[in-house]
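Peer 1: My questions all concern the structure below.
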There are 2 protein chains.
Amino acid sequence: MSQPTTKERILEASLELMNERGFANVSVADIAAHLGISPGNLTYHYPTKRDLILALRDHVAGRYLELAVDWRPDRVLEQGAAWLRAVARETWHSRCLFRDAAQYLTIAPEFRERSRDDVLRLGRRQVVHYLQALMDGGHMQRVPASEVEALGTSAWIVLRYWIDYLVESHDVREIEPAHLDELVRHFEAVIGPHLTPAARRSLAAES
Amino acid sequence: MSQPTTKERILEASLELMNERGFANVSVADIAAHLGISPGNLTYHYPTKRDLILALRDHVAGRYLELAVDWRPDRVLEQGAAWLRAVARETWHSRCLFRDAAQYLTIAPEFRERSRDDVLRLGRRQVVHYLQALMDGGHMQRVPASEVEALGTSAWIVLRYWIDYLVESHDVREIEPAHLDELVRHFEAVIGPHLTPAARRSLAAES
């Protein structure tokens, strides 16, 4: 991996501080101090907090896009378990962007539209494609397209809000591998009854 | 119904304004002005915003407790559909309490512990009891207790975050009856494969 650029370091430091304290409680000066650079160096790259949040959004959307899987019916079971974990880890890594939306939408209203298109629609669509690959691979009984859509939405909600659920109901402060295993298990609880017994055993072994 | 007391009117007005603008952007003076009462009258009942948020928490927890159902195997199908809608309506009605937690937990940290006990654990437990009543009523195939727990958590996540999903992914600004029908449909997508065909038809008719 190449050295991160100053811009990338600024974005990652912003996520780290905002995840911890919330968007409204982190100033541009805090981020500069955290990195040991001058505020002027930071504002050279991102003049305002609005510029920063829009850049963060592109940065995180790019990270989610990299997770997108080209589902293959012959490898879908391993692909699925790995993908669920990767999405949950990324949701944790960028949790301030989802959680603090009400704090920055007033200064960057276009965030909502762009983020909806990229991250959220992509995520739900990926779940639907995952289900289709499971059917194509003979791992899941065929269900009508409308049912795939409804099941996909429900399964996507479990995936999207798994981290929120852990934080809100179990006061989780750090994501451990066991939390990702649990996600696979709960996602499986949603799609499991449609899977073949062999696929169910295989997914259970992956969790 | 008896006339609401001044305290109740204050709590409902607080929810209304905070749902709209966020906890941090609503002052005690705003709430008094909205109700047409003096700030002194309001602070007589709730001296600080911390007192107000703790009272709001008890108020909302009481509303959720009232929704708790005494599940009856012979009536569980109608009870279930009505309960799902009622919980989603209440989640919308008190959405600032969930959404803005990061804004008030610093001034009222005990909120987290108390709210977890009452509202969140109760909600998940009610889903598990609902599933057990479905099994007792012969509407759902028997699954092992550990599977009921896992299925209950997944179904509860769909119920708890349905409103968040509509707001975040579909920019919904007002909850309509059709949104509640969709919730029943998506909850049903999770538990449906375990239901008898007759129970599935009946739940579909309720959505």
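Going by the structure tokens order, chains are called A, B, ..., each with residues numbered from 1, while ligands are numbered from 1 in the order shown.
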So that I can check the secondary structure, give me every residue of stretch 81-171 of chain A assigned helix (DSSP H, G or I) by backbone DSSP, as a PyMOL selection string.

Peer 2: chain A and resi 81-93+95-99+101-104+110-136+145-170

Peer 1: Please, which residues in chain A fall within 7 Å of chain B when counting only C-alpha atoms, and what is the closest atom pair and distance in Å to one decimal for each, ordered by chain then residue number, as JSON lines?

Peer 2:
{"residue": "A:Arg116", "atom": "CA", "partner": "B:Ser169", "partner_atom": "CA", "distance": 5.9}
{"residue": "A:Leu120", "atom": "CA", "partner": "B:Ser169", "partner_atom": "CA", "distance": 6.5}
{"residue": "A:Ala150", "atom": "CA", "partner": "B:His186", "partner_atom": "CA", "distance": 6.0}
{"residue": "A:Leu151", "atom": "CA", "partner": "B:Ala189", "partner_atom": "CA", "distance": 5.4}
{"residue": "A:Ser154", "atom": "CA", "partner": "B:His186", "partner_atom": "CA", "distance": 5.7}
{"residue": "A:Ile157", "atom": "CA", "partner": "B:Val158", "partner_atom": "CA", "distance": 6.0}
{"residue": "A:Val158", "atom": "CA", "partner": "B:Ile157", "partner_atom": "CA", "distance": 6.0}
{"residue": "A:Ser169", "atom": "CA", "partner": "B:Arg116", "partner_atom": "CA", "distance": 5.9}
{"residue": "A:His186", "atom": "CA", "partner": "B:Ser154", "partner_atom": "CA", "distance": 5.7}
{"residue": "A:Ala189", "atom": "CA", "partner": "B:Leu151", "partner_atom": "CA", "distance": 5.4}
{"residue": "A:Val190", "atom": "CA", "partner": "B:Val190", "partner_atom": "CA", "distance": 5.1}
{"residue": "A:Pro193", "atom": "CA", "partner": "B:Pro193", "partner_atom": "CA", "distance": 5.9}

Peer 1: Given the choices B:Asp181, B:Leu84, B:Glu20, B:Arg114, which gets closest to B:Val60 if the distance is worked out from only C-alpha atoms?

Peer 2: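 Selected residue with least distance to B:Val60: B:Arg114.
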
Peer 1: At a cut-off of 10 Å, using only C-alpha atoms, what residues contact A:His179? Leave out same-chain residues fewer than 6 positions from it and give the result as an NGL selection string.

Peer 2: :A and (85 or 88-89 or 162-163 or 166 or 172 or 185 or 207)

Peer 1: Those same residues - N, CA and C atoms - I'd like them written as a PDB file, in the first residue's frame.

Peer 2:
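Generated output (out-v4.pdb):
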ATOM      1  N   ARG A  85     -19.527  -9.266   6.882  1.00  0.00           N
ATOM      2  CA  ARG A  85     -18.567  -8.768   7.875  1.00  0.00           C
ATOM      3  C   ARG A  85     -17.932  -7.466   7.418  1.00  0.00           C
ATOM      4  N   ALA A  88     -20.358  -4.547   7.763  1.00  0.00           N
ATOM      5  CA  ALA A  88     -20.547  -4.159   9.167  1.00  0.00           C
ATOM      6  C   ALA A  88     -19.318  -3.415   9.695  1.00  0.00           C
ATOM      7  N   ARG A  89     -18.124  -3.879   9.324  1.00  0.00           N
ATOM      8  CA  ARG A  89     -16.898  -3.182   9.762  1.00  0.00           C
ATOM      9  C   ARG A  89     -16.867  -1.768   9.215  1.00  0.00           C
ATOM     10  N   TRP A 162     -27.359  -3.333  12.185  1.00  0.00           N
ATOM     11  CA  TRP A 162     -26.776  -4.242  13.160  1.00  0.00           C
ATOM     12  C   TRP A 162     -25.884  -3.492  14.149  1.00  0.00           C
ATOM     13  N   ILE A 163     -25.018  -2.628  13.639  1.00  0.00           N
ATOM     14  CA  ILE A 163     -24.106  -1.857  14.484  1.00  0.00           C
ATOM     15  C   ILE A 163     -24.909  -0.916  15.395  1.00  0.00           C
ATOM     16  N   LEU A 166     -26.337  -2.898  18.245  1.00  0.00           N
ATOM     17  CA  LEU A 166     -25.347  -3.236  19.273  1.00  0.00           C
ATOM     18  C   LEU A 166     -25.042  -2.037  20.164  1.00  0.00           C
ATOM     19  N   VAL A 172     -22.424  -1.361  23.134  1.00  0.00           N
ATOM     20  CA  VAL A 172     -21.134  -1.808  22.595  1.00  0.00           C
ATOM     21  C   VAL A 172     -20.283  -0.596  22.231  1.00  0.00           C
ATOM     22  N   ARG A 185     -25.068 -14.674  11.835  1.00  0.00           N
ATOM     23  CA  ARG A 185     -26.097 -15.554  12.385  1.00  0.00           C
ATOM     24  C   ARG A 185     -27.495 -14.918  12.268  1.00  0.00           C
ATOM     25  N   SER A 207     -20.189 -18.590  10.507  1.00  0.00           N
ATOM     26  CA  SER A 207     -20.500 -17.582  11.539  1.00  0.00           C
ATOM     27  C   SER A 207     -19.891 -17.969  12.869  1.00  0.00           C
TER      28      SER A 207
END

Peer 1: In Å, rounded to a single decimal, give me how far atom CA of A:Ser94 is from atom CA of A:Thr43.

Peer 2: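 Between atom CA of A:Thr43 and atom CA of A:Ser94 the gap is 21.8 Å.
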
Peer 1: Tell me, as a list in words, which residues lie within 8 Å of B:Leu11, counting only C-alpha atoms; anything in the same chain fewer than 5 positions away does not count.

Peer 2: Leu52, Ala55, Leu56 and His59 of chain B

Peer 1: For those residues, write N, CA and C atoms to a file as an mmCIF file, in the first residue's frame.

Peer 2:
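So the final result, stored in result24.cif, reads:
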data_model
loop_
_atom_site.group_PDB
_atom_site.id
_atom_site.type_symbol
_atom_site.label_atom_id
_atom_site.label_comp_id
_atom_site.auth_asym_id
_atom_site.auth_seq_id
_atom_site.Cartn_x
_atom_site.Cartn_y
_atom_site.Cartn_z
ATOM 1 N N LEU B 52 -36.054 17.726 31.971
ATOM 2 C CA LEU B 52 -37.036 17.536 30.908
ATOM 3 C C LEU B 52 -36.769 16.232 30.149
ATOM 4 N N ALA B 55 -37.749 13.247 32.212
ATOM 5 C CA ALA B 55 -39.212 13.117 32.269
ATOM 6 C C ALA B 55 -39.757 12.609 30.935
ATOM 7 N N LEU B 56 -39.157 13.084 29.838
ATOM 8 C CA LEU B 56 -39.589 12.628 28.510
ATOM 9 C C LEU B 56 -39.378 11.135 28.372
ATOM 10 N N HIS B 59 -42.050 9.374 30.278
ATOM 11 C CA HIS B 59 -43.304 9.574 29.541
ATOM 12 C C HIS B 59 -43.389 8.589 28.367
#
